[in-house]
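Peer 1: Next up, coords37.cif (mmCIF, C-alpha atoms and all ligand atoms).
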data_run
loop_
_atom_site.group_PDB
_atom_site.id
_atom_site.type_symbol
_atom_site.label_atom_id
_atom_site.label_comp_id
_atom_site.auth_asym_id
_atom_site.auth_seq_id
_atom_site.Cartn_x
_atom_site.Cartn_y
_atom_site.Cartn_z
ATOM 1 C CA MET A 1 0.000 0.000 0.000
ATOM 2 C CA ASN A 2 3.029 2.381 0.168
ATOM 3 C CA ASN A 3 2.756 3.244 -3.494
ATOM 4 C CA MET A 4 -0.946 4.021 -3.625
ATOM 5 C CA LYS A 5 -1.869 6.076 -6.654
ATOM 6 C CA PRO A 6 -3.158 9.627 -5.987
ATOM 7 C CA ARG A 7 -6.653 8.722 -7.230
ATOM 8 C CA LYS A 8 -6.823 5.807 -4.804
ATOM 9 C CA VAL A 9 -5.668 7.992 -1.942
ATOM 10 C CA LEU A 10 -8.402 10.514 -2.793
ATOM 11 C CA GLN A 11 -11.027 7.769 -2.861
ATOM 12 C CA VAL A 12 -9.983 6.504 0.566
ATOM 13 C CA ILE A 13 -9.868 10.052 2.000
ATOM 14 C CA GLY A 14 -13.313 10.699 0.473
ATOM 15 C CA ARG A 15 -14.747 7.672 2.207
ATOM 16 C CA VAL A 16 -13.298 8.667 5.584
ATOM 17 C CA ILE A 17 -14.606 12.254 5.219
ATOM 18 C CA LYS A 18 -18.046 10.927 4.297
ATOM 19 C CA GLN A 19 -18.106 8.778 7.414
ATOM 20 C CA LEU A 20 -17.030 11.723 9.596
ATOM 21 C CA LEU A 21 -19.479 14.191 8.028
ATOM 22 C CA PHE A 22 -22.515 11.966 8.130
ATOM 23 C CA TYR A 23 -21.527 10.145 11.319
ATOM 24 C CA GLU A 24 -22.091 6.960 9.409
ATOM 25 C CA GLU A 25 -22.392 4.258 12.000
ATOM 26 C CA ILE A 26 -21.236 1.007 10.565
ATOM 27 C CA GLU A 27 -23.472 -1.823 11.607
ATOM 28 C CA CYS A 28 -24.132 -5.344 10.401
ATOM 29 C CA SER A 29 -26.811 -5.281 7.698
ATOM 30 C CA VAL A 30 -28.165 -8.600 8.977
ATOM 31 C CA CYS A 31 -28.153 -8.411 12.809
ATOM 32 C CA ALA A 32 -27.423 -4.664 13.316
ATOM 33 C CA LYS A 33 -24.400 -5.353 15.549
ATOM 34 C CA GLN A 34 -22.005 -2.380 15.462
ATOM 35 C CA GLY A 35 -18.600 -2.437 13.858
ATOM 36 C CA GLN A 36 -18.840 -4.264 10.538
ATOM 37 C CA ARG A 37 -21.117 -3.973 7.502
ATOM 38 C CA VAL A 38 -21.662 -7.706 7.807
ATOM 39 C CA CYS A 39 -20.384 -9.169 11.082
ATOM 40 C CA ASP A 40 -18.270 -12.329 11.148
ATOM 41 C CA GLU A 41 -21.026 -14.400 12.781
ATOM 42 C CA CYS A 42 -23.564 -13.540 10.073
ATOM 43 C CA SER A 43 -20.973 -13.889 7.335
ATOM 44 C CA GLU A 44 -20.254 -17.461 8.464
ATOM 45 C CA MET A 45 -23.839 -18.457 7.705
ATOM 46 C CA PHE A 46 -23.599 -17.588 4.010
ATOM 47 C CA LEU A 47 -23.111 -20.418 1.551
ATOM 48 C CA ARG A 48 -20.127 -19.876 -0.719
ATOM 49 C CA HIS A 49 -18.822 -21.615 -3.800
ATOM 50 C CA ASP A 50 -16.070 -23.416 -1.895
ATOM 51 C CA ASN A 51 -14.938 -27.037 -1.554
ATOM 52 C CA ILE A 52 -14.894 -28.542 -5.048
ATOM 53 C CA THR A 53 -15.308 -25.894 -7.733
ATOM 54 C CA CYS A 54 -15.411 -25.976 -11.537
ATOM 55 C CA ASN A 55 -11.900 -25.515 -12.929
ATOM 56 C CA LYS A 56 -13.174 -22.882 -15.344
ATOM 57 C CA CYS A 57 -16.005 -20.810 -13.851
ATOM 58 C CA GLY A 58 -15.462 -21.469 -10.144
ATOM 59 C CA ARG A 59 -18.994 -22.749 -9.495
ATOM 60 C CA GLU A 60 -19.272 -25.369 -6.769
ATOM 61 C CA ILE A 61 -19.678 -28.865 -8.186
ATOM 62 C CA LYS A 62 -19.806 -32.451 -6.906
ATOM 63 C CA GLU A 63 -16.680 -33.895 -8.498
ATOM 64 C CA THR A 64 -13.413 -32.339 -9.613
ATOM 65 C CA GLY A 65 -13.444 -31.073 -13.198
ATOM 66 C CA LEU A 66 -15.857 -28.881 -15.088
ATOM 67 C CA CYS A 67 -19.475 -27.963 -14.398
ATOM 68 C CA TYR A 68 -22.246 -28.863 -16.848
ATOM 69 C CA ASN A 69 -22.232 -25.474 -18.598
ATOM 70 C CA CYS A 70 -18.435 -25.329 -18.943
ATOM 71 C CA ARG A 71 -18.363 -28.853 -20.375
ATOM 72 C CA LYS A 72 -20.953 -27.782 -22.915
ATOM 73 C CA ASN A 73 -19.259 -24.466 -23.801
ATOM 74 C CA ASN A 74 -15.503 -24.131 -24.149
ATOM 75 C CA ARG A 75 -14.882 -20.992 -22.087
ATOM 76 C CA PRO A 76 -12.630 -18.393 -23.714
ATOM 77 C CA TYR A 77 -11.387 -16.959 -20.405
ATOM 78 C CA GLU A 78 -8.502 -18.243 -18.261
ATOM 79 C CA GLN A 79 -10.431 -18.822 -15.077
ATOM 80 C CA GLY A 80 -13.373 -17.535 -13.085
ATOM 81 C CA LEU A 81 -14.729 -17.371 -9.578
ATOM 82 C CA ILE A 82 -18.157 -17.095 -8.020
ATOM 83 C CA ALA A 83 -18.276 -15.918 -4.426
ATOM 84 C CA LEU A 84 -21.696 -16.575 -2.902
ATOM 85 C CA TYR A 85 -24.646 -18.853 -3.525
ATOM 86 C CA TYR A 86 -27.538 -16.882 -4.914
ATOM 87 C CA GLN A 87 -29.897 -17.756 -2.076
ATOM 88 C CA ASP A 88 -30.994 -16.709 1.416
ATOM 89 C CA ILE A 89 -29.548 -13.430 2.700
ATOM 90 C CA PRO A 90 -27.072 -12.806 -0.162
ATOM 91 C CA ARG A 91 -29.994 -13.153 -2.593
ATOM 92 C CA GLU A 92 -32.047 -10.628 -0.593
ATOM 93 C CA PHE A 93 -29.042 -8.297 -0.445
ATOM 94 C CA MET A 94 -28.593 -8.632 -4.188
ATOM 95 C CA LYS A 95 -32.227 -7.745 -4.868
ATOM 96 C CA GLU A 96 -31.998 -4.696 -2.585
ATOM 97 C CA PHE A 97 -28.718 -3.741 -4.251
ATOM 98 C CA LYS A 98 -29.973 -4.131 -7.817
ATOM 99 C CA TYR A 99 -33.560 -2.970 -7.620
ATOM 100 C CA ASN A 100 -33.955 -0.965 -4.435
ATOM 101 C CA SER A 101 -31.107 1.567 -4.562
ATOM 102 C CA LYS A 102 -29.083 -0.061 -1.764
ATOM 103 C CA ARG A 103 -25.875 0.988 -3.492
ATOM 104 C CA ASN A 104 -23.713 0.545 -0.429
ATOM 105 C CA PHE A 105 -24.183 -3.250 -0.666
ATOM 106 C CA SER A 106 -21.637 -3.052 -3.485
ATOM 107 C CA TYR A 107 -18.984 -3.042 -0.766
ATOM 108 C CA PHE A 108 -20.260 -6.333 0.656
ATOM 109 C CA PHE A 109 -20.235 -8.049 -2.741
ATOM 110 C CA ALA A 110 -16.819 -6.638 -3.648
ATOM 111 C CA GLU A 111 -15.405 -7.884 -0.357
ATOM 112 C CA GLU A 112 -16.797 -11.368 -0.982
ATOM 113 C CA ILE A 113 -15.098 -11.456 -4.389
ATOM 114 C CA TYR A 114 -11.925 -10.035 -2.882
ATOM 115 C CA LYS A 115 -11.784 -12.754 -0.182
ATOM 116 C CA LYS A 116 -11.519 -15.344 -2.963
ATOM 117 C CA ILE A 117 -9.543 -13.414 -5.547
ATOM 118 C CA LYS A 118 -6.660 -12.683 -3.209
ATOM 119 C CA ASN A 119 -5.970 -16.433 -3.071
ATOM 120 C CA CYS A 120 -5.902 -16.722 -6.874
ATOM 121 C CA SER A 121 -2.615 -16.062 -8.605
ATOM 122 C CA TRP A 122 -4.284 -13.955 -11.285
ATOM 123 C CA ASP A 123 -2.217 -11.223 -12.858
ATOM 124 C CA ILE A 124 -4.766 -8.477 -13.615
ATOM 125 C CA ASP A 125 -4.046 -5.079 -15.245
ATOM 126 C CA VAL A 126 -7.542 -3.644 -15.390
ATOM 127 C CA ILE A 127 -10.997 -4.380 -13.972
ATOM 128 C CA CYS A 128 -14.195 -3.886 -15.958
ATOM 129 C CA ALA A 129 -17.879 -4.601 -15.386
ATOM 130 C CA VAL A 130 -20.587 -6.275 -17.419
ATOM 131 C CA PRO A 131 -22.197 -3.119 -18.823
ATOM 132 C CA MET A 132 -25.784 -1.953 -18.758
ATOM 133 C CA HIS A 133 -27.426 -0.167 -21.682
ATOM 134 C CA ASN A 134 -27.427 3.639 -21.343
ATOM 135 C CA LEU A 135 -31.229 3.746 -21.481
ATOM 136 C CA LYS A 136 -31.532 1.259 -18.658
ATOM 137 C CA LEU A 137 -28.791 3.108 -16.794
ATOM 138 C CA LEU A 138 -30.877 6.266 -17.011
ATOM 139 C CA GLY A 139 -33.801 4.455 -15.459
ATOM 140 C CA ASN A 140 -31.846 2.632 -12.790
ATOM 141 C CA GLY A 141 -29.333 5.368 -11.991
ATOM 142 C CA TYR A 142 -26.441 2.948 -11.633
ATOM 143 C CA ASN A 143 -25.037 -0.265 -13.040
ATOM 144 C CA PRO A 144 -24.691 -2.808 -10.186
ATOM 145 C CA PRO A 145 -21.637 -4.647 -11.637
ATOM 146 C CA SER A 146 -19.868 -1.271 -12.086
ATOM 147 C CA LEU A 147 -20.371 -0.393 -8.425
ATOM 148 C CA ILE A 148 -18.936 -3.767 -7.364
ATOM 149 C CA SER A 149 -16.007 -3.282 -9.764
ATOM 150 C CA ARG A 150 -15.201 0.171 -8.369
ATOM 151 C CA GLU A 151 -15.085 -1.176 -4.807
ATOM 152 C CA LEU A 152 -13.034 -4.150 -5.942
ATOM 153 C CA SER A 153 -10.655 -1.796 -7.736
ATOM 154 C CA ILE A 154 -10.000 0.009 -4.431
ATOM 155 C CA LEU A 155 -9.563 -3.254 -2.503
ATOM 156 C CA MET A 156 -7.190 -4.699 -5.099
ATOM 157 C CA ASN A 157 -5.462 -1.422 -5.980
ATOM 158 C CA ILE A 158 -5.973 -2.172 -9.674
ATOM 159 C CA PRO A 159 -7.551 0.393 -12.042
ATOM 160 C CA TYR A 160 -11.169 0.127 -13.128
ATOM 161 C CA SER A 161 -12.241 1.189 -16.609
ATOM 162 C CA ARG A 162 -15.894 1.795 -17.432
ATOM 163 C CA LYS A 163 -15.133 2.101 -21.140
ATOM 164 C CA THR A 164 -13.950 -1.446 -21.715
ATOM 165 C CA LEU A 165 -17.252 -2.971 -22.822
ATOM 166 C CA LYS A 166 -20.516 -1.490 -24.072
ATOM 167 C CA ARG A 167 -24.009 -2.865 -24.367
ATOM 168 C CA LYS A 168 -25.391 -2.703 -27.864
ATOM 169 C CA ARG A 169 -29.080 -3.274 -27.484
ATOM 170 C CA TYR A 170 -31.760 -2.687 -24.943
ATOM 171 C CA THR A 171 -33.187 -6.119 -24.337
ATOM 172 C CA ARG A 172 -35.517 -7.843 -21.976
ATOM 173 C CA SER A 173 -34.139 -9.407 -18.855
ATOM 174 C CA MET A 174 -31.937 -12.470 -19.292
ATOM 175 C CA SER A 175 -33.889 -14.238 -16.571
ATOM 176 C CA LEU A 176 -36.886 -14.408 -18.914
ATOM 177 C CA LEU A 177 -34.964 -16.354 -21.518
ATOM 178 C CA LYS A 178 -34.496 -20.088 -21.658
ATOM 179 C CA ASN A 179 -30.930 -21.263 -21.034
ATOM 180 C CA ILE A 180 -30.519 -22.410 -24.588
ATOM 181 C CA ASP A 181 -31.054 -18.908 -25.968
ATOM 182 C CA ARG A 182 -28.710 -17.140 -23.631
ATOM 183 C CA MET A 183 -25.373 -17.525 -25.354
ATOM 184 C CA GLU A 184 -26.644 -16.385 -28.728
ATOM 185 C CA HIS A 185 -28.717 -13.661 -27.138
ATOM 186 C CA SER A 186 -25.745 -12.380 -25.127
ATOM 187 C CA SER A 187 -23.410 -12.281 -28.101
ATOM 188 C CA LYS A 188 -25.683 -9.735 -29.778
ATOM 189 C CA ASN A 189 -25.801 -7.544 -26.702
ATOM 190 C CA PHE A 190 -22.222 -6.480 -26.138
ATOM 191 C CA MET A 191 -19.412 -4.763 -27.998
ATOM 192 C CA THR A 192 -15.957 -3.430 -27.205
ATOM 193 C CA GLY A 193 -15.676 0.081 -25.737
ATOM 194 C CA ASN A 194 -13.184 2.922 -26.283
ATOM 195 C CA PHE A 195 -10.666 1.853 -23.680
ATOM 196 C CA ASP A 196 -7.531 0.341 -25.225
ATOM 197 C CA TYR A 197 -6.878 -2.893 -23.352
ATOM 198 C CA ALA A 198 -4.576 -4.415 -25.999
ATOM 199 C CA ASP A 199 -2.171 -6.929 -24.431
ATOM 200 C CA MET A 200 -3.685 -6.338 -21.002
ATOM 201 C CA ASN A 201 -5.064 -8.910 -18.605
ATOM 202 C CA VAL A 202 -8.663 -7.973 -17.919
ATOM 203 C CA LEU A 203 -10.977 -9.008 -15.069
ATOM 204 C CA VAL A 204 -14.691 -8.890 -15.947
ATOM 205 C CA VAL A 205 -17.074 -8.555 -12.998
ATOM 206 C CA ASP A 206 -20.768 -9.422 -12.918
ATOM 207 C CA ASP A 207 -23.320 -9.364 -10.107
ATOM 208 C CA VAL A 208 -25.105 -12.682 -10.686
ATOM 209 C CA SER A 209 -23.937 -15.499 -12.947
ATOM 210 C CA THR A 210 -26.411 -18.249 -13.750
ATOM 211 C CA THR A 211 -25.362 -20.133 -16.876
ATOM 212 C CA GLY A 212 -22.190 -18.087 -17.338
ATOM 213 C CA ALA A 213 -23.263 -16.979 -20.837
ATOM 214 C CA THR A 214 -22.766 -13.253 -20.227
ATOM 215 C CA LEU A 215 -19.248 -13.614 -18.854
ATOM 216 C CA HIS A 216 -18.427 -16.059 -21.656
ATOM 217 C CA VAL A 217 -19.507 -13.616 -24.359
ATOM 218 C CA CYS A 218 -17.879 -10.575 -22.708
ATOM 219 C CA SER A 219 -14.566 -12.455 -22.434
ATOM 220 C CA LYS A 220 -14.723 -13.470 -26.066
ATOM 221 C CA ILE A 221 -15.229 -9.864 -27.192
ATOM 222 C CA LEU A 222 -12.260 -8.723 -25.087
ATOM 223 C CA LEU A 223 -10.014 -11.491 -26.434
ATOM 224 C CA ASP A 224 -11.143 -10.895 -30.030
ATOM 225 C CA ASN A 225 -10.198 -7.243 -29.582
ATOM 226 C CA GLY A 226 -6.684 -7.764 -28.297
ATOM 227 C CA ALA A 227 -6.860 -8.526 -24.564
ATOM 228 C CA ASN A 228 -4.007 -10.798 -23.480
ATOM 229 C CA LYS A 229 -5.902 -12.810 -20.848
ATOM 230 C CA VAL A 230 -9.375 -12.537 -19.369
ATOM 231 C CA TYR A 231 -10.505 -13.586 -15.887
ATOM 232 C CA VAL A 232 -14.089 -13.409 -14.684
ATOM 233 C CA ALA A 233 -15.735 -12.996 -11.285
ATOM 234 C CA ALA A 234 -19.347 -12.975 -10.138
ATOM 235 C CA ALA A 235 -20.586 -11.996 -6.692
ATOM 236 C CA CYS A 236 -23.382 -14.597 -6.708
ATOM 237 C CA GLY A 237 -24.153 -17.691 -8.703
ATOM 238 C CA ASP A 238 -26.611 -20.541 -8.844
ATOM 239 C CA ASN A 239 -25.518 -24.069 -8.490
ATOM 240 C CA THR A 240 -26.833 -25.741 -11.591
ATOM 241 C CA GLU A 241 -25.170 -29.062 -10.749
ATOM 242 C CA PHE A 242 -27.038 -29.618 -7.490
ATOM 243 C CA SER A 243 -30.447 -28.325 -8.519
HETATM 244 ZN ZN ZN A 301 -24.411 -9.740 12.022
HETATM 245 ZN ZN ZN A 302 -18.008 -24.096 -14.837
#
Would you kindly transcribe this structure into structure tokens?
Peer 2:
Amino acid sequence: MNNMKPRKVLQVIGRVIKQLLFYEEIECSVCAKQGQRVCDECSEMFLRHDNITCNKCGREIKETGLCYNCRKNNRPYEQGLIALYYQDIPREFMKEFKYNSKRNFSYFFAEEIYKKIKNCSWDIDVICAVPMHNLKLLGNGYNPPSLISRELSILMNIPYSRKTLKRKRYTRSMSLLKNIDRMEHSSKNFMTGNFDYADMNVLVVDDVSTTGATLHVCSKILLDNGANKVYVAAACGDNTEFS
């Protein structure tokens, strides 16, 4: 941390000033105990993609190797991770975060990714987020994966670029589509942005990964446009193997 970039230093100072100005009392979002945004006791209850995980996407599976979706689709990225199971409290947090303006939950999700990513020997130059279409962004006010990426960028001390990927079309929610359509559907949705990531190792961050189609397609676009290596991370993910 001795060679923190000026922008990082400003971000950290900004956060401290905000806490002082607004007397922001940090308390556990689950049990309201003071001191941590999510206390250790509550955090222990969350199910994570640990134990045996897919060698490609990081989803928890029964036996060593690849999950169903990664066996079916040859992933273009190096490796991925998924932090939490998309159920119980993390699922409620995610809904509040995505649809109910609870922007500060981005910190919780970034921390969960960070806990896992710091044990991976990934060499990352820049972090980017699965983008949202500008029209939808106008309606929502923020792109959840971008907020997670910004927090993760501070935790990892690696730059974040919002101009790495762009969304091409304004489409209906992925959750309404059948799994089979998702890959093709996703490939029509995204395009490369203005940021020059040639020869860089890029980390793509998403909020929820179900089949992995979005991260697959985003990685492919980055690699087709000159990225050296791509890694992917999702804050929450289903477990398709066990369901
Ligand atoms: Zn708690
Ligand atoms: Zn997998």
Peer 1: Identify which of the residues A:Arg71, A:Lys115, A:Lys188, A:Lys163 lies closest to ligand ZN 302 (chain A), counting all atoms listed in the file when measuring atom-to-atom distances.
Peer 2: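 Nearest to ligand ZN 302 (chain A): A:Arg71.
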Peer 1: Would you pick out the contacts of A:Ser121 at 12 Å or less, using all atoms listed in the file, so that residues sharing its chain but fewer than 6 positions from it are not included, and give the list as a PDB file with C-alpha atoms, in the frame of the given file?
Peer 2:
ATOM      1  CA  GLU A  78      -8.502 -18.243 -18.261  1.00  0.00           C
ATOM      2  CA  GLN A  79     -10.431 -18.822 -15.077  1.00  0.00           C
ATOM      3  CA  GLY A  80     -13.373 -17.535 -13.085  1.00  0.00           C
ATOM      4  CA  TYR A 231     -10.505 -13.586 -15.887  1.00  0.00           C
TER       5      TYR A 231
END
Peer 1: For the provided coordinates, the residues matched by the PyMOL selection byres (((chain A and resi 162) around 12) and not hetatm) should be stated as number ranges by chain.
Peer 2: A: 126-132, 143, 145-150, 153, 159-161, 163-167, 192-197, 204-205
Peer 1: Pick out the residues sitting within 8 Å of stretch 83-87 of chain A, and hand them over as a PDB file with C-alpha atoms, in the coordinates of the input; count all atoms listed in the file, and ignore anything fewer than 6 positions along from it in its own chain.
Peer 2:
ATOM      1  CA  PHE A  46     -23.599 -17.588   4.010  1.00  0.00           C
ATOM      2  CA  LEU A  47     -23.111 -20.418   1.551  1.00  0.00           C
ATOM      3  CA  ARG A  48     -20.127 -19.876  -0.719  1.00  0.00           C
ATOM      4  CA  HIS A  49     -18.822 -21.615  -3.800  1.00  0.00           C
ATOM      5  CA  GLU A 112     -16.797 -11.368  -0.982  1.00  0.00           C
ATOM      6  CA  ILE A 113     -15.098 -11.456  -4.389  1.00  0.00           C
ATOM      7  CA  LYS A 116     -11.519 -15.344  -2.963  1.00  0.00           C
ATOM      8  CA  VAL A 208     -25.105 -12.682 -10.686  1.00  0.00           C
ATOM      9  CA  ALA A 233     -15.735 -12.996 -11.285  1.00  0.00           C
ATOM     10  CA  ALA A 234     -19.347 -12.975 -10.138  1.00  0.00           C
ATOM     11  CA  ALA A 235     -20.586 -11.996  -6.692  1.00  0.00           C
ATOM     12  CA  CYS A 236     -23.382 -14.597  -6.708  1.00  0.00           C
ATOM     13  CA  GLY A 237     -24.153 -17.691  -8.703  1.00  0.00           C
ATOM     14  CA  ASP A 238     -26.611 -20.541  -8.844  1.00  0.00           C
ATOM     15  CA  ASN A 239     -25.518 -24.069  -8.490  1.00  0.00           C
TER      16      ASN A 239
END
Peer 1: Let me know the residues the PyMOL selection byres (((chain A and resi 217) around 12) and not hetatm) catches in the file above, as a VMD selection string.
Peer 2: chain A and resid 73 to 77 130 165 167 182 to 192 204 211 to 216 218 to 224 230 232
Peer 1: Please identify all polymer residues within 9 Å of A:Ile124, counting only C-alpha atoms, omitting same-chain residues fewer than 4 positions from it, and present them as an MDAnalysis selection string.
Peer 2: chainID A and resid 158 200:203 229:231
